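For reference, the structure discussed in these notes is given below.
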Amino acid sequence: MSSCQLRPNRVAIGNNEDILTVRALGSGIVVCLYDERSKTGGVAYTLFPDSYARPESAGGRSPKYVDTALEILLEKLEAEGTPRERLWAKIIGGAKIFQFAEKLESENIGKRNIEAARRWLQEREIPIKAEDTGDSFGRTVRFQMETGIAEIRAVNNYVYCL
């Protein structure tokens, strides 16, 4: 078994007994893609919704944006032989942590991250199996390749599975 802890703006894949972990997830978002048959999956941990909204990012693909991070993750999984048709997704995060700075709904980066992930998955016909999004608290996520279960620990140490 190997364990990988992702920092923001990273993408990782694993299989079998691997565990991919994200700590201190706030308004950023984690999207887990998984193939039950091969027990192969991956995680994209990203902070911003759309690369096209940022002119400075036009020259390259950065995993700090939902759209580009998910493209990178999908490419990595397909390169490992995982067909897109067998993948499903789980979306976690997108909290509204800084409520004082997000008085306008348009400034709610967490909500915009969630919407961007849903849109990207829908456009590629990847079903969303489960979500734990929004609210106003941080999370730690442990995505287990053996089972496809995402274990979530909230700030109050409440642990639940998705």
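Order determines the names: the first chain of the structure tokens is A, the second B, and so forth; residues in each chain are numbered 1 upward, and ligands are numbered 1 upward as they are shown.
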
Next on the checklist: Please list as number ranges by chain every residue within 8 Å of Val43 (chain A), counting only C-alpha atoms and excluding residues in the same chain fewer than 4 positions away.
Outcome noted: A: 11-13, 20, 30-33, 73, 143

Produce a file of the selected residues containing N, CA and C atoms, as a CSV table (one decimal), in the first residue's frame.
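The result, stored in again14.csv:
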```csv
chain,number,residue,atom,x,y,z
A,11,VAL,N,-2.5,16.8,-9.2
A,11,VAL,CA,-3.3,15.6,-9.7
A,11,VAL,C,-2.5,14.4,-9.4
A,12,ALA,N,-3.2,13.3,-9.0
A,12,ALA,CA,-2.5,12.0,-8.7
A,12,ALA,C,-3.4,10.9,-9.1
A,13,ILE,N,-2.8,9.8,-9.5
A,13,ILE,CA,-3.6,8.6,-9.7
A,13,ILE,C,-3.0,7.4,-8.9
A,20,LEU,N,-5.1,8.2,-1.6
A,20,LEU,CA,-4.8,9.5,-2.0
A,20,LEU,C,-5.4,10.5,-1.0
A,30,VAL,N,-12.0,18.9,-4.5
A,30,VAL,CA,-11.4,17.6,-4.9
A,30,VAL,C,-12.4,16.9,-5.8
A,31,VAL,N,-11.9,16.4,-6.9
A,31,VAL,CA,-12.8,15.5,-7.7
A,31,VAL,C,-12.0,14.2,-7.8
A,32,CYS,N,-12.7,13.1,-7.4
A,32,CYS,CA,-12.2,11.8,-7.5
A,32,CYS,C,-12.8,11.1,-8.7
A,33,LEU,N,-12.0,10.5,-9.6
A,33,LEU,CA,-12.5,9.7,-10.7
A,33,LEU,C,-12.1,8.3,-10.4
A,73,LEU,N,-6.1,14.9,-15.3
A,73,LEU,CA,-6.4,13.6,-14.6
A,73,LEU,C,-7.0,12.6,-15.5
A,143,PHE,N,-9.0,9.1,-0.2
A,143,PHE,CA,-9.7,8.3,-1.2
A,143,PHE,C,-9.0,7.0,-1.4
```

Closest atom pairs, region 127-156 of chain A residues within 12 Å of region 118-121 of chain A, only C-alpha atoms, as JSON lines:
```
{"residue": "A:Pro127", "atom": "CA", "partner": "A:Leu121", "partner_atom": "CA", "distance": 7.0}
{"residue": "A:Ile128", "atom": "CA", "partner": "A:Leu121", "partner_atom": "CA", "distance": 7.5}
{"residue": "A:Lys129", "atom": "CA", "partner": "A:Leu121", "partner_atom": "CA", "distance": 11.2}
{"residue": "A:Ala130", "atom": "CA", "partner": "A:Arg118", "partner_atom": "CA", "distance": 11.3}
{"residue": "A:Glu131", "atom": "CA", "partner": "A:Arg118", "partner_atom": "CA", "distance": 10.1}
{"residue": "A:Thr133", "atom": "CA", "partner": "A:Arg118", "partner_atom": "CA", "distance": 11.3}
```

Output C-alpha atoms of each residue in that selection to a file, as a PDB file, in the first residue's frame.
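Dumped everything to result.pdb:
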```pdb
ATOM      1  CA  PRO A 127     -21.630  10.241 -13.785  1.00  0.00           C
ATOM      2  CA  ILE A 128     -21.377  11.834 -10.351  1.00  0.00           C
ATOM      3  CA  LYS A 129     -21.809   9.036  -7.827  1.00  0.00           C
ATOM      4  CA  ALA A 130     -21.697  11.227  -4.713  1.00  0.00           C
ATOM      5  CA  GLU A 131     -21.030  14.760  -3.475  1.00  0.00           C
ATOM      6  CA  THR A 133     -19.899  20.054  -1.155  1.00  0.00           C
TER       7      THR A 133
END
```

Next on the checklist: So, with only C-alpha atoms as the atoms that count, which of A:Thr21, A:Ser27, A:Ser62, A:Thr40 lies closest to Met145 (chain A)?
Outcome noted: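 With only C-alpha atoms as the atom set, the closest residue is A:Thr40.
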
Next on the checklist: Applying 12 Å and only C-alpha atoms, which residues near Phe137 (chain A) remain after dropping the ones on its own chain fewer than 3 positions away? List them as a list in words.
Outcome noted: Ala24, Leu25, Gly26, Ser27, Gly28, Ile92, Gly93, Gly94, Ala95, Lys96, Ile97, Phe98, Gln99, Gly110, Asp132, Thr133, Gly134, Thr140, Ile152, Arg153, Ala154, Val155, Asn156, Asn157 and Tyr158 of chain A

Item to check | Residues flagged helix (DSSP H, G or I) by DSSP in chain A, as a PyMOL selection string | outcome: chain A and resi 51-53+55-57+66-79+84-86+99-101+105-107+109-123

Can you spit out the residues from that selection as a compact mmCIF listing (two decimals), in the first residue's frame, using N, CA and C atoms?
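Full text of again.txt as output:
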```txt
# COMPACT_ATOMS: atom_id res chain seq x y z
N SER A 51 -10.04 27.94 -16.33
CA SER A 51 -8.82 28.55 -16.86
C SER A 51 -9.12 29.63 -17.89
N TYR A 52 -10.20 29.48 -18.65
CA TYR A 52 -10.50 30.47 -19.69
C TYR A 52 -10.85 31.84 -19.10
N ALA A 53 -11.18 31.89 -17.83
CA ALA A 53 -11.50 33.17 -17.18
C ALA A 53 -10.23 33.92 -16.78
N PRO A 55 -6.80 35.21 -18.36
CA PRO A 55 -6.01 35.38 -19.59
C PRO A 55 -4.56 34.92 -19.43
N GLU A 56 -3.98 35.09 -18.24
CA GLU A 56 -2.58 34.73 -18.04
C GLU A 56 -2.34 33.22 -18.12
N SER A 57 -3.40 32.43 -18.06
CA SER A 57 -3.24 30.98 -18.10
C SER A 57 -3.40 30.41 -19.50
N VAL A 66 -10.20 23.96 -12.34
CA VAL A 66 -11.00 22.73 -12.42
C VAL A 66 -10.93 22.11 -13.81
N ASP A 67 -11.16 22.91 -14.84
CA ASP A 67 -11.22 22.33 -16.19
C ASP A 67 -9.90 21.69 -16.62
N THR A 68 -8.80 22.38 -16.41
CA THR A 68 -7.52 21.83 -16.85
C THR A 68 -7.05 20.70 -15.95
N ALA A 69 -7.29 20.79 -14.65
CA ALA A 69 -6.90 19.70 -13.74
C ALA A 69 -7.63 18.42 -14.10
N LEU A 70 -8.91 18.51 -14.39
CA LEU A 70 -9.68 17.31 -14.73
C LEU A 70 -9.26 16.74 -16.08
N GLU A 71 -8.90 17.59 -17.02
CA GLU A 71 -8.38 17.09 -18.31
C GLU A 71 -7.08 16.32 -18.09
N ILE A 72 -6.20 16.87 -17.27
CA ILE A 72 -4.93 16.21 -16.96
C ILE A 72 -5.18 14.87 -16.28
N LEU A 73 -6.08 14.86 -15.29
CA LEU A 73 -6.40 13.62 -14.58
C LEU A 73 -6.97 12.57 -15.53
N LEU A 74 -7.90 12.97 -16.36
CA LEU A 74 -8.51 12.02 -17.31
C LEU A 74 -7.45 11.46 -18.27
N GLU A 75 -6.57 12.31 -18.76
CA GLU A 75 -5.50 11.84 -19.65
C GLU A 75 -4.60 10.83 -18.97
N LYS A 76 -4.26 11.08 -17.70
CA LYS A 76 -3.40 10.14 -16.95
C LYS A 76 -4.09 8.79 -16.78
N LEU A 77 -5.37 8.81 -16.45
CA LEU A 77 -6.11 7.55 -16.27
C LEU A 77 -6.23 6.79 -17.59
N GLU A 78 -6.53 7.51 -18.67
CA GLU A 78 -6.64 6.85 -19.97
C GLU A 78 -5.29 6.29 -20.42
N ALA A 79 -4.20 6.99 -20.10
CA ALA A 79 -2.87 6.50 -20.45
C ALA A 79 -2.53 5.20 -19.71
N ARG A 84 -12.67 5.83 -20.24
CA ARG A 84 -13.54 6.89 -19.73
C ARG A 84 -14.94 6.38 -19.41
N GLU A 85 -15.44 5.45 -20.22
CA GLU A 85 -16.81 4.95 -20.07
C GLU A 85 -17.04 4.24 -18.74
N ARG A 86 -15.98 3.76 -18.10
CA ARG A 86 -16.14 3.04 -16.82
C ARG A 86 -15.94 3.95 -15.61
N GLN A 99 -16.54 33.95 4.60
CA GLN A 99 -17.84 34.55 4.36
C GLN A 99 -17.78 36.07 4.33
N PHE A 100 -16.89 36.66 5.12
CA PHE A 100 -16.79 38.11 5.14
C PHE A 100 -16.29 38.66 3.80
N ALA A 101 -15.51 37.88 3.07
CA ALA A 101 -14.95 38.33 1.79
C ALA A 101 -15.82 37.95 0.60
N GLU A 105 -22.74 36.70 -4.19
CA GLU A 105 -22.76 35.29 -4.62
C GLU A 105 -21.74 35.03 -5.73
N SER A 106 -21.52 36.03 -6.59
CA SER A 106 -20.56 35.86 -7.69
C SER A 106 -19.13 35.70 -7.20
N GLU A 107 -18.87 36.12 -5.97
CA GLU A 107 -17.53 35.99 -5.39
C GLU A 107 -17.35 34.69 -4.62
N ILE A 109 -16.19 31.57 -4.41
CA ILE A 109 -15.30 30.72 -5.21
C ILE A 109 -15.61 29.24 -5.02
N GLY A 110 -16.00 28.85 -3.81
CA GLY A 110 -16.35 27.44 -3.57
C GLY A 110 -17.50 26.98 -4.43
N LYS A 111 -18.54 27.79 -4.48
CA LYS A 111 -19.72 27.45 -5.30
C LYS A 111 -19.35 27.41 -6.78
N ARG A 112 -18.54 28.35 -7.22
CA ARG A 112 -18.12 28.36 -8.63
C ARG A 112 -17.26 27.14 -8.97
N ASN A 113 -16.45 26.69 -8.02
CA ASN A 113 -15.66 25.46 -8.23
C ASN A 113 -16.56 24.25 -8.40
N ILE A 114 -17.58 24.14 -7.55
CA ILE A 114 -18.53 23.02 -7.62
C ILE A 114 -19.23 23.03 -8.98
N GLU A 115 -19.72 24.19 -9.38
CA GLU A 115 -20.43 24.30 -10.66
C GLU A 115 -19.53 23.94 -11.84
N ALA A 116 -18.26 24.37 -11.78
CA ALA A 116 -17.32 24.06 -12.87
C ALA A 116 -17.07 22.55 -12.95
N ALA A 117 -16.93 21.89 -11.81
CA ALA A 117 -16.70 20.44 -11.81
C ALA A 117 -17.92 19.70 -12.35
N ARG A 118 -19.10 20.09 -11.90
CA ARG A 118 -20.32 19.44 -12.40
C ARG A 118 -20.44 19.60 -13.92
N ARG A 119 -20.19 20.81 -14.39
CA ARG A 119 -20.31 21.10 -15.82
C ARG A 119 -19.31 20.25 -16.63
N TRP A 120 -18.06 20.20 -16.17
CA TRP A 120 -17.03 19.44 -16.88
C TRP A 120 -17.40 17.95 -16.94
N LEU A 121 -17.85 17.39 -15.83
CA LEU A 121 -18.22 15.97 -15.79
C LEU A 121 -19.43 15.70 -16.68
N GLN A 122 -20.42 16.58 -16.63
CA GLN A 122 -21.62 16.40 -17.46
C GLN A 122 -21.27 16.45 -18.94
N GLU A 123 -20.42 17.37 -19.33
CA GLU A 123 -20.02 17.48 -20.74
C GLU A 123 -19.33 16.22 -21.25
```

Checklist entry - How would you write, as a PyMOL selection string, the set of residues in region 37-77 of chain A that DSSP gives as strand (DSSP E or B)? => result chain A and resi 40-46+48+65
